[in-house]
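K.L.:
So I've got this file, start05.csv, and it contains CSV, C-alpha atoms and all ligand atoms:
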chain,number,residue,atom,x,y,z
A,74,MET,CA,-2.8,-25.6,13.0
A,75,THR,CA,-6.0,-23.7,13.9
A,76,GLY,CA,-6.6,-21.9,10.7
A,77,ASN,CA,-9.1,-20.1,8.5
A,78,LYS,CA,-7.7,-21.0,5.1
A,79,HIS,CA,-9.9,-18.5,3.4
A,80,LEU,CA,-7.9,-15.6,4.9
A,81,SER,CA,-4.4,-15.7,3.6
A,82,VAL,CA,-1.4,-13.6,4.4
A,83,LEU,CA,1.1,-12.8,1.7
A,84,VAL,CA,4.7,-12.0,2.8
A,85,ALA,CA,6.9,-10.4,0.2
A,86,GLY,CA,10.5,-10.1,1.2
A,87,SER,CA,13.9,-11.4,1.9
A,88,ALA,CA,15.3,-14.8,2.6
A,89,ASN,CA,18.9,-15.4,3.8
A,90,LEU,CA,21.0,-18.2,5.0
A,91,ASP,CA,22.4,-16.9,8.3
A,92,PHE,CA,26.0,-17.7,9.3
A,93,VAL,CA,26.1,-17.3,13.0
A,94,VAL,CA,29.0,-17.2,15.5
A,95,ARG,CA,28.6,-16.7,19.3
A,96,ALA,CA,31.2,-14.7,21.1
A,97,SER,CA,31.6,-13.0,24.5
A,98,HIS,CA,30.6,-9.7,22.9
A,99,VAL,CA,29.8,-8.2,19.6
A,100,PRO,CA,33.1,-6.7,18.2
A,101,ALA,CA,33.5,-2.9,18.2
A,102,PRO,CA,34.8,-1.3,14.9
A,103,GLY,CA,38.4,-2.5,14.3
A,104,GLU,CA,38.2,-5.2,17.0
A,105,THR,CA,38.7,-8.9,16.5
A,106,VAL,CA,36.9,-11.3,18.8
A,107,LEU,CA,37.5,-15.0,19.1
A,108,GLY,CA,34.1,-16.8,19.0
A,109,HIS,CA,32.8,-20.3,19.2
A,110,ASP,CA,31.9,-22.7,16.3
A,111,MET,CA,29.9,-21.3,13.4
A,112,ALA,CA,26.4,-22.5,12.7
A,113,THR,CA,24.0,-21.8,9.8
A,114,TYR,CA,20.3,-21.2,10.1
A,115,PRO,CA,17.5,-20.3,7.6
A,116,GLY,CA,16.8,-16.6,8.1
A,117,GLY,CA,16.0,-13.3,6.3
A,118,LYS,CA,13.4,-10.9,7.7
A,119,GLY,CA,10.8,-11.8,5.2
A,120,ALA,CA,11.2,-15.5,5.4
A,121,ASN,CA,11.3,-15.4,9.3
A,122,GLN,CA,8.1,-13.4,9.3
A,123,ALA,CA,6.4,-15.8,6.9
A,124,LEU,CA,7.4,-18.8,8.9
A,125,ALA,CA,6.3,-17.1,12.2
A,126,CYS,CA,2.9,-16.3,10.6
A,127,ALA,CA,2.5,-19.9,9.4
A,128,ARG,CA,3.5,-21.4,12.8
A,129,ALA,CA,1.1,-19.0,14.6
A,130,GLY,CA,-1.9,-20.5,12.8
A,131,GLY,CA,-5.0,-18.5,12.1
A,132,ALA,CA,-4.3,-17.8,8.4
A,133,ALA,CA,-2.8,-19.6,5.4
A,134,THR,CA,0.6,-18.1,4.6
A,135,ARG,CA,2.2,-17.4,1.2
A,136,MET,CA,5.5,-15.8,0.4
A,137,LEU,CA,7.2,-14.1,-2.5
A,138,LEU,CA,11.0,-14.5,-2.3
A,139,ALA,CA,14.0,-14.7,-4.5
A,140,LEU,CA,16.7,-17.4,-4.2
A,141,GLY,CA,19.9,-18.2,-6.1
A,142,ASP,CA,20.5,-21.5,-7.9
A,143,ASP,CA,22.9,-22.7,-5.2
A,144,ALA,CA,23.2,-24.8,-2.1
A,145,HIS,CA,22.3,-22.0,0.3
A,146,ALA,CA,18.8,-21.9,-1.2
A,147,GLU,CA,17.8,-25.4,-0.1
A,148,PRO,CA,17.7,-25.1,3.7
A,149,ILE,CA,15.6,-21.9,3.3
A,150,GLU,CA,13.1,-23.5,1.0
A,151,GLN,CA,12.9,-26.6,3.1
A,152,SER,CA,12.3,-24.7,6.3
A,153,LEU,CA,9.5,-22.6,4.8
A,154,ARG,CA,7.8,-25.5,3.1
A,155,ALA,CA,8.0,-27.6,6.3
A,156,ALA,CA,6.1,-24.8,8.2
A,157,GLY,CA,3.4,-24.9,5.5
A,158,VAL,CA,4.3,-21.6,3.7
A,159,ASP,CA,3.1,-21.6,0.0
A,160,LEU,CA,6.1,-20.2,-2.0
A,161,SER,CA,6.4,-18.1,-5.1
A,162,ILE,CA,10.1,-18.2,-5.8
A,163,ARG,CA,11.9,-16.0,-8.3
A,164,ARG,CA,15.1,-17.8,-9.3
A,165,SER,CA,18.0,-15.4,-9.7
A,166,ASP,CA,21.5,-15.9,-11.2
A,167,ARG,CA,22.7,-14.0,-8.1
A,168,ALA,CA,23.7,-15.9,-5.0
A,169,THR,CA,21.1,-16.6,-2.4
A,170,GLY,CA,21.1,-13.9,0.3
A,171,THR,CA,23.4,-14.4,3.3
A,172,ALA,CA,23.6,-12.8,6.7
A,173,PHE,CA,26.7,-12.7,8.9
A,174,ILE,CA,25.6,-12.6,12.6
A,175,CYS,CA,27.6,-12.3,15.8
A,176,VAL,CA,25.5,-13.2,18.9
A,177,SER,CA,26.9,-12.1,22.3
A,178,ASP,CA,26.7,-14.1,25.5
A,179,SER,CA,23.9,-11.7,26.6
A,180,GLY,CA,21.9,-12.7,23.5
A,181,GLU,CA,22.3,-9.5,21.6
A,182,ASN,CA,23.4,-9.5,18.0
A,183,ALA,CA,25.0,-7.5,15.1
A,184,ILE,CA,24.0,-8.4,11.6
A,185,THR,CA,25.5,-7.7,8.2
A,186,VAL,CA,23.4,-8.8,5.2
A,187,ALA,CA,24.7,-9.6,1.7
A,188,PRO,CA,21.3,-9.3,-0.2
A,189,GLY,CA,22.3,-11.3,-3.4
A,190,ALA,CA,19.1,-12.6,-5.0
A,191,ASN,CA,16.9,-10.5,-2.7
A,192,ALA,CA,18.0,-7.5,-4.7
A,193,ALA,CA,16.6,-9.0,-7.9
A,194,LEU,CA,13.0,-8.8,-6.7
A,195,ARG,CA,10.9,-6.4,-8.8
A,196,GLY,CA,7.6,-4.7,-8.4
A,197,ASP,CA,5.9,-6.9,-11.0
A,198,ASP,CA,7.0,-10.1,-9.2
A,199,LEU,CA,4.1,-9.9,-6.8
A,200,PRO,CA,1.7,-12.8,-7.3
A,201,ALA,CA,-2.1,-12.5,-7.7
A,202,LEU,CA,-3.7,-11.1,-4.5
A,203,ASP,CA,-6.9,-13.3,-4.7
A,204,GLY,CA,-7.9,-14.4,-1.2
A,205,VAL,CA,-5.2,-12.3,0.4
A,206,SER,CA,-6.3,-10.2,3.4
A,207,TRP,CA,-2.9,-8.8,4.6
A,208,LEU,CA,0.4,-8.1,2.7
A,209,LEU,CA,3.4,-8.1,5.1
A,210,LEU,CA,6.5,-6.2,3.9
A,211,GLN,CA,10.0,-5.3,5.2
A,212,LEU,CA,12.9,-3.3,3.8
A,213,GLU,CA,15.5,-6.0,2.9
A,214,THR,CA,14.4,-5.9,-0.7
A,215,PRO,CA,14.6,-3.0,-3.2
A,216,LEU,CA,12.6,0.0,-1.9
A,217,ASP,CA,10.9,0.6,-5.3
A,218,ALA,CA,9.7,-3.0,-5.4
A,219,VAL,CA,8.3,-2.7,-1.8
A,220,GLN,CA,6.5,0.5,-2.8
A,221,ALA,CA,5.1,-1.1,-5.9
A,222,TRP,CA,3.8,-4.1,-3.9
A,223,ALA,CA,2.2,-1.8,-1.3
A,224,GLN,CA,0.5,0.3,-4.0
A,225,ARG,CA,-0.8,-2.8,-5.8
A,226,ALA,CA,-2.2,-4.2,-2.5
A,227,ARG,CA,-3.8,-0.9,-1.6
A,228,ALA,CA,-5.5,-0.7,-5.0
A,229,ALA,CA,-6.8,-4.3,-4.5
A,230,GLY,CA,-8.2,-3.5,-1.0
A,231,VAL,CA,-5.6,-5.7,0.7
A,232,LYS,CA,-4.4,-4.4,4.0
A,233,VAL,CA,-0.6,-3.5,4.1
A,234,ALA,CA,1.7,-4.1,7.1
A,235,LEU,CA,5.2,-2.8,6.8
A,236,ASN,CA,8.0,-3.7,9.2
A,237,ALA,CA,10.4,-0.8,8.4
A,238,ALA,CA,13.5,-2.9,9.1
A,239,PRO,CA,16.4,-2.5,8.6
A,240,ALA,CA,16.1,1.2,9.6
A,241,HIS,CA,15.5,3.5,6.6
A,242,ALA,CA,13.8,6.7,5.7
A,243,LEU,CA,10.7,6.0,3.7
A,244,PRO,CA,9.2,7.8,0.7
A,245,ALA,CA,5.8,9.3,1.3
A,246,GLY,CA,4.3,7.3,-1.5
A,247,LEU,CA,5.1,4.1,0.4
A,248,LEU,CA,3.8,5.3,3.8
A,249,ASP,CA,0.6,6.5,2.2
A,250,CYS,CA,-0.2,2.8,1.3
A,251,VAL,CA,0.6,1.4,4.8
A,252,ASP,CA,-2.3,0.4,7.1
A,253,LEU,CA,0.0,-0.9,9.9
A,254,LEU,CA,3.6,0.2,10.5
A,255,ILE,CA,5.8,-1.9,12.9
A,256,VAL,CA,9.1,-0.4,14.0
A,257,ASN,CA,11.5,-0.5,16.9
A,258,GLU,CA,12.8,2.7,18.5
A,259,GLY,CA,15.8,3.0,16.2
A,260,GLU,CA,13.7,2.4,13.1
A,261,LEU,CA,11.2,5.0,14.3
A,262,ALA,CA,14.0,7.5,14.8
A,263,ALA,CA,15.4,6.8,11.3
A,264,LEU,CA,11.9,7.4,9.9
A,265,THR,CA,11.1,10.6,11.8
A,266,GLY,CA,14.5,12.1,12.5
A,267,ILE,CA,13.3,12.3,16.2
A,268,ALA,CA,15.7,10.3,18.4
A,269,ASP,CA,15.0,11.3,22.0
A,270,ASP,CA,11.3,11.9,22.3
A,271,LEU,CA,9.2,8.7,21.8
A,272,ASP,CA,5.8,10.5,22.1
A,273,ALA,CA,6.8,13.1,19.5
A,274,ALA,CA,8.2,10.5,17.2
A,275,VAL,CA,4.9,8.5,17.5
A,276,ALA,CA,2.9,11.6,16.8
A,277,ALA,CA,5.0,12.4,13.7
A,278,VAL,CA,4.1,9.2,11.9
A,279,GLN,CA,0.9,9.5,9.8
A,280,VAL,CA,-0.3,5.9,9.4
A,281,PRO,CA,-3.7,4.5,10.7
A,282,GLN,CA,-2.0,1.9,12.9
A,283,LEU,CA,1.5,2.1,14.5
A,284,ILE,CA,3.3,-0.3,16.7
A,285,VAL,CA,6.6,0.5,18.3
A,286,THR,CA,8.5,-2.5,19.8
A,287,LEU,CA,10.5,-1.6,22.9
A,288,GLY,CA,12.5,-4.8,23.6
A,289,ALA,CA,12.3,-5.8,27.3
A,290,ASN,CA,9.9,-2.9,27.8
A,291,GLY,CA,7.2,-4.5,25.6
A,292,CYS,CA,5.5,-2.5,23.0
A,293,LEU,CA,3.2,0.4,22.5
A,294,ALA,CA,0.6,0.9,19.8
A,295,ARG,CA,-1.6,3.6,18.4
A,296,ILE,CA,-4.4,1.9,16.6
A,297,ASP,CA,-6.9,4.2,14.9
A,298,GLY,CA,-6.3,6.9,17.6
A,299,GLN,CA,-6.5,4.5,20.5
A,300,ARG,CA,-3.3,3.9,22.6
A,301,LEU,CA,-2.4,0.4,23.8
A,302,ARG,CA,0.5,-0.9,25.8
A,303,GLN,CA,1.7,-4.5,26.1
A,304,ASP,CA,4.4,-5.6,28.6
A,305,ALA,CA,7.1,-8.0,27.5
A,306,PHE,CA,6.9,-11.6,28.7
A,307,ALA,CA,9.9,-12.2,31.0
A,308,VAL,CA,12.3,-14.9,29.6
A,309,GLU,CA,15.9,-15.9,29.8
A,310,ALA,CA,17.2,-14.5,26.5
A,311,VAL,CA,19.7,-16.7,24.7
A,312,ASP,CA,19.5,-15.1,21.2
A,313,THR,CA,17.3,-12.2,20.2
A,314,THR,CA,17.7,-12.9,16.4
A,315,ALA,CA,14.3,-12.9,14.7
A,316,ALA,CA,12.4,-11.9,17.8
A,317,GLY,CA,11.1,-8.8,16.0
A,318,ASP,CA,10.3,-11.0,12.9
A,319,THR,CA,8.4,-13.4,15.1
A,320,PHE,CA,6.4,-10.5,16.6
A,321,CYS,CA,5.5,-9.3,13.1
A,322,GLY,CA,4.5,-12.7,11.7
A,323,ALA,CA,2.5,-13.7,14.8
A,324,LEU,CA,0.8,-10.3,15.0
A,325,ILE,CA,-0.4,-10.4,11.4
A,326,ALA,CA,-1.5,-14.1,11.7
A,327,ALA,CA,-3.6,-13.0,14.7
A,328,LEU,CA,-5.1,-10.0,13.0
A,329,ALA,CA,-5.9,-11.9,9.9
A,330,GLY,CA,-7.6,-14.5,12.0
A,331,GLY,CA,-9.9,-11.9,13.4
A,332,ALA,CA,-8.2,-11.1,16.8
A,333,ALA,CA,-8.7,-7.7,18.4
A,334,PRO,CA,-5.6,-5.5,18.4
A,335,ALA,CA,-4.9,-5.9,22.2
A,336,ALA,CA,-5.2,-9.7,21.9
A,337,ALA,CA,-3.0,-9.8,18.8
A,338,LEU,CA,-0.3,-7.7,20.6
A,339,ARG,CA,-0.3,-10.0,23.5
A,340,ARG,CA,0.0,-13.1,21.3
A,341,ALA,CA,2.8,-11.5,19.2
A,342,SER,CA,4.7,-10.5,22.4
A,343,ALA,CA,4.5,-14.1,23.8
A,344,ALA,CA,5.7,-15.5,20.5
A,345,SER,CA,8.5,-13.0,20.3
A,346,ALA,CA,9.6,-13.7,23.9
A,347,LEU,CA,9.8,-17.5,23.2
A,348,ALA,CA,11.9,-16.8,20.1
A,349,CYS,CA,14.5,-15.2,22.4
A,350,THR,CA,14.9,-18.4,24.3
A,351,ARG,CA,16.4,-20.5,21.4
A,352,PRO,CA,19.3,-20.0,19.0
A,353,GLY,CA,19.0,-19.1,15.4
A,354,ALA,CA,16.3,-17.3,13.3
A,355,GLN,CA,13.7,-19.7,12.0
A,356,THR,CA,14.8,-22.4,14.4
A,357,SER,CA,13.7,-20.2,17.3
A,358,VAL,CA,10.1,-19.4,16.1
A,359,PRO,CA,7.5,-21.0,18.4
A,360,THR,CA,4.5,-23.1,17.4
A,361,HIS,CA,0.9,-22.1,18.1
A,362,ALA,CA,0.8,-24.6,21.0
A,363,GLU,CA,3.9,-23.2,22.6
A,364,VAL,CA,2.5,-19.7,22.5
A,365,GLU,CA,-0.8,-20.9,23.9
A,366,ALA,CA,1.1,-22.6,26.8
A,367,LEU,CA,2.9,-19.4,27.7
A,368,LEU,CA,-0.3,-17.4,27.5
A,369,HIS,CA,-2.1,-19.8,29.8
A,370,THR,CA,0.8,-19.8,32.3
A,371,ALA,CA,0.8,-16.0,32.3
A,372,ASP,CA,-3.0,-16.0,32.8
A,373,ARG,CA,-2.7,-18.4,35.7
A,374,ARG,CA,-0.1,-16.2,37.4
A,375,VAL,CA,-2.4,-13.2,37.1
A,376,VAL,CA,-5.3,-15.2,38.7
A,377,ALA,CA,-3.1,-16.6,41.4
A,378,GLY,CA,-1.4,-13.2,42.2
A,379,PRO,CA,2.2,-12.7,42.9
A,380,ALA,CA,3.9,-15.9,44.2
A,381,SER,CA,5.8,-14.0,46.9
A,382,ALA,CA,2.8,-12.1,48.3
A,383,PRO,CA,3.0,-12.2,52.1
A,384,ALA,CA,0.3,-14.3,54.0
A,385,THR,CA,-2.2,-12.2,55.9
A,401,LIG,O1,15.8,-10.2,11.7
A,401,LIG,C1,16.7,-11.2,11.7
A,401,LIG,C2,17.2,-11.5,10.3
A,401,LIG,O2,17.9,-10.3,9.8
A,401,LIG,C3,18.2,-12.6,10.2
A,401,LIG,O3,17.6,-13.8,10.0
A,401,LIG,C4,19.1,-12.1,9.0
A,401,LIG,O4,19.0,-13.0,7.9
A,401,LIG,C5,18.7,-10.7,8.7
A,401,LIG,O5,17.8,-10.6,7.6
Mind turning this structure into structure tokens?
Ligand code: RIB
P.N.:
Amino acid sequence: MTGNKHLSVLVAGSANLDFVVRASHVPAPGETVLGHDMATYPGGKGANQALACARAGGAATRMLLALGDDAHAEPIEQSLRAAGVDLSIRRSDRATGTAFICVSDSGENAITVAPGANAALRGDDLPALDGVSWLLLQLETPLDAVQAWAQRARAAGVKVALNAAPAHALPAGLLDCVDLLIVNEGELAALTGIADDLDAAVAAVQVPQLIVTLGANGCLARIDGQRLRQDAFAVEAVDTTAAGDTFCGALIAALAGGAAPAAALRRASAASALACTRPGAQTSVPTHAEVEALLHTADRRVVAGPASAPAT
């Protein structure tokens, strides 16, 4: 790992064991679909982001999470530790969080989360922030805890990134502490109440840095008043689960490592694209070397020009 161990990222959030079934399509309400064999993967938005940050390199990664005292906790713990994430675990008498995911043949998914132990996390569970440069949060843990963590980080001079997923309206007290907000279009609509006008929705969010992920259309960012746009890297999508989490983790790793916003967006987009090419959540997150390889390939294509350009 290329890393500056003096700059650490702390992720506080959820960890789930994902129960995944592939089917021709995601069932509509009231519909039953016969799928393939079930598989389990370590997941949870917080844990996926922590793992993506650690695999990206650039910063040491720590995570606050809650797990039950049960068999579902072990694969999650193992996956995070193997990636080098330093864990602060609150043990709960509630079951480890679980997610039930249907992935369609086109790679899209529908997810239902049973939060379990994630719901036991409290504002005062946040570990000491010494040496932490970024705190990365999501919304799969209680909102009052997320707000308390953001407030504590703000007071300590630690930058706060919030991935407002799953979609939820946010209290002003939380947004006031956020330096960087990362949302997809649906989450942005839930936040602003503006569903059909992307520019108006972007303008309505009062945070210093905003990134809106747009799936196959890449992402756009408003960073301290400057607008940036990053195209998506074209890949064959097998499973989009954790693509957004990979984007967030890789982005914060790059920013914590000192990358400029445009370079961090490009790196995060490459990592996210690679995550779509493999099944599962944490199992799909690419390493630093894999992201480097994709970036180099893309650079070579730009230098060489379009392969199908007619000879003159
Ligand atoms: O973002 C993907 C994640 O959402 C899954 O791993 C699942 O656990 C849910 O939290």
K.L.:
Hey, can you check how far atom CA of Gly117 of chain A sits from atom CA of Gly170 of chain A?
P.N.:
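Going from atom CA of Gly117 of chain A over to atom CA of Gly170 of chain A covers 7.9 Å.
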K.L.:
Contacts of Arg167 of chain A at 6 Å or less, counting all atoms listed in the file, minus same-chain residues fewer than 3 places along, as number ranges by chain?
P.N.:
A: 141, 189-190
K.L.:
Give the answer as one residue: which of A:Ala326, A:Leu254, A:Leu216, A:Val186 has the shortest atom-to-atom distance to ligand LIG 401 (chain A), using all atoms listed in the file?
P.N.:
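Closest to ligand LIG 401 (chain A) of all the choices is A:Val186.
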K.L.:
State, in Å with one decimal place, the distance from atom CA of Leu271 of chain A to atom CA of Asp304 of chain A.
P.N.:
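For atom CA of Leu271 of chain A relative to atom CA of Asp304 of chain A, the distance reads 16.5 Å.
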K.L.:
Could you please give me, as a PyMOL selection string, the residues of protein, DNA or RNA lying at most 12 Å from (3.5, -23.5, 22.5) in the coordinate frame of the file, considering all atoms listed in the file?
P.N.:
chain A and resi 74+128-130+340+343-348+357-370
K.L.:
For Pro200 of chain A, work out the shell of residues within 8 Å, counting all atoms listed in the file and skipping chain neighbours fewer than 2 positions away, then give it as a list of chain:residue names.
P.N.:
A:Leu137, A:Ser161, A:Asp198, A:Leu202
K.L.:
Chain A near ligand LIG 401 (chain A) within 7 Å: what's each residue's closest atom pair and its distance in Å to one decimal, counting only C-alpha atoms and all ligand atoms, ordered by chain then ascending residue number, as JSON lines?
P.N.:
{"residue": "A:Ser87", "atom": "CA", "partner": "A:LIG401", "partner_atom": "O5", "distance": 7.0}
{"residue": "A:Ala88", "atom": "CA", "partner": "A:LIG401", "partner_atom": "O4", "distance": 6.7}
{"residue": "A:Asn89", "atom": "CA", "partner": "A:LIG401", "partner_atom": "O4", "distance": 4.8}
{"residue": "A:Leu90", "atom": "CA", "partner": "A:LIG401", "partner_atom": "O4", "distance": 6.3}
{"residue": "A:Asp91", "atom": "CA", "partner": "A:LIG401", "partner_atom": "O4", "distance": 5.2}
{"residue": "A:Pro115", "atom": "CA", "partner": "A:LIG401", "partner_atom": "O3", "distance": 6.9}
{"residue": "A:Gly116", "atom": "CA", "partner": "A:LIG401", "partner_atom": "O3", "distance": 3.5}
{"residue": "A:Gly117", "atom": "CA", "partner": "A:LIG401", "partner_atom": "O4", "distance": 3.4}
{"residue": "A:Lys118", "atom": "CA", "partner": "A:LIG401", "partner_atom": "O5", "distance": 4.4}
{"residue": "A:Asn121", "atom": "CA", "partner": "A:LIG401", "partner_atom": "O3", "distance": 6.5}
{"residue": "A:Thr171", "atom": "CA", "partner": "A:LIG401", "partner_atom": "O4", "distance": 6.5}
{"residue": "A:Ala172", "atom": "CA", "partner": "A:LIG401", "partner_atom": "O4", "distance": 4.8}
{"residue": "A:Ile184", "atom": "CA", "partner": "A:LIG401", "partner_atom": "C5", "distance": 6.5}
{"residue": "A:Val186", "atom": "CA", "partner": "A:LIG401", "partner_atom": "C5", "distance": 6.2}
{"residue": "A:Glu213", "atom": "CA", "partner": "A:LIG401", "partner_atom": "O5", "distance": 7.0}
{"residue": "A:Thr314", "atom": "CA", "partner": "A:LIG401", "partner_atom": "C1", "distance": 5.1}
{"residue": "A:Ala315", "atom": "CA", "partner": "A:LIG401", "partner_atom": "C1", "distance": 4.2}
{"residue": "A:Gly317", "atom": "CA", "partner": "A:LIG401", "partner_atom": "O1", "distance": 6.5}
{"residue": "A:Asp318", "atom": "CA", "partner": "A:LIG401", "partner_atom": "O1", "distance": 5.7}
{"residue": "A:Ala354", "atom": "CA", "partner": "A:LIG401", "partner_atom": "O3", "distance": 5.0}
K.L.:
Export C-alpha atoms of the chosen residues as a PDB file, in the frame of the given file?
P.N.:
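To be explicit, this is the file written out as part39.pdb:
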ATOM      1  CA  SER A  87      13.900 -11.400   1.900  1.00  0.00           C
ATOM      2  CA  ALA A  88      15.300 -14.800   2.600  1.00  0.00           C
ATOM      3  CA  ASN A  89      18.900 -15.400   3.800  1.00  0.00           C
ATOM      4  CA  LEU A  90      21.000 -18.200   5.000  1.00  0.00           C
ATOM      5  CA  ASP A  91      22.400 -16.900   8.300  1.00  0.00           C
ATOM      6  CA  PRO A 115      17.500 -20.300   7.600  1.00  0.00           C
ATOM      7  CA  GLY A 116      16.800 -16.600   8.100  1.00  0.00           C
ATOM      8  CA  GLY A 117      16.000 -13.300   6.300  1.00  0.00           C
ATOM      9  CA  LYS A 118      13.400 -10.900   7.700  1.00  0.00           C
ATOM     10  CA  ASN A 121      11.300 -15.400   9.300  1.00  0.00           C
ATOM     11  CA  THR A 171      23.400 -14.400   3.300  1.00  0.00           C
ATOM     12  CA  ALA A 172      23.600 -12.800   6.700  1.00  0.00           C
ATOM     13  CA  ILE A 184      24.000  -8.400  11.600  1.00  0.00           C
ATOM     14  CA  VAL A 186      23.400  -8.800   5.200  1.00  0.00           C
ATOM     15  CA  GLU A 213      15.500  -6.000   2.900  1.00  0.00           C
ATOM     16  CA  THR A 314      17.700 -12.900  16.400  1.00  0.00           C
ATOM     17  CA  ALA A 315      14.300 -12.900  14.700  1.00  0.00           C
ATOM     18  CA  GLY A 317      11.100  -8.800  16.000  1.00  0.00           C
ATOM     19  CA  ASP A 318      10.300 -11.000  12.900  1.00  0.00           C
ATOM     20  CA  ALA A 354      16.300 -17.300  13.300  1.00  0.00           C
TER      21      ALA A 354
END
K.L.:
Quick one: of A:Asn257, A:Gln282, A:Ser206, A:Ser165, who's nearest to Leu80 of chain A, counting all atoms listed in the file?
P.N.:
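Ranked by minimum distance to Leu80 of chain A, first place goes to A:Ser206.
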K.L.:
Of the candidates A:Ala329, A:Leu287, A:Ala268, A:Cys175, which one gets nearest to Gln303 of chain A if we count only C-alpha atoms?
P.N.:
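Among the listed residues, the smallest separation from Gln303 of chain A belongs to A:Leu287.
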K.L.:
To one decimal in Å, tell me the separation between atom CA of Arg95 of chain A and atom CA of Val176 of chain A.
P.N.:
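These two atoms are separated by 4.7 Å.
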K.L.:
Identify which of the residues A:Met111, A:Ala85, A:Leu235, A:Val275 lies closest to Leu199 of chain A, counting only C-alpha atoms when measuring atom-to-atom distances.
P.N.:
A:Ala85
K.L.:
Using all atoms listed in the file, pick whichever of A:Leu328, A:Ala228, A:Ala238, A:Val233 has the shortest atom-to-atom distance to Val251 of chain A.
P.N.:
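That would be A:Val233, the residue with the smallest distance to Val251 of chain A.
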K.L.:
Kindly provide, as a count of residues only, the polymer residues lying within 12 Å of (-5.0, -18.4, 3.4), counting only C-alpha atoms and using the coordinates exactly as they appear in the file.
P.N.:
32
K.L.:
List as a list of chain:residue names the protein and nucleic acid residues near Asp110 of chain A, meaning an atom at most 10 Å away when all atoms listed in the file are counted, but skip any in the same chain fewer than 4 places from it.
P.N.:
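The residues satisfying every condition are A:Val93, A:Val94, A:Arg95, A:Ala96.
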K.L.:
Which is closest to Leu261 of chain A among A:Ala245, A:Asn236, A:Thr113, A:Asp372, if we use all atoms listed in the file?
P.N.:
A:Asn236
K.L.:
At a cut-off of 6 Å, using all atoms listed in the file, what residues contact Asp312 of chain A? Leave out same-chain residues fewer than 4 positions from it and give the result as a PyMOL selection string.
P.N.:
chain A and resi 180+349+352
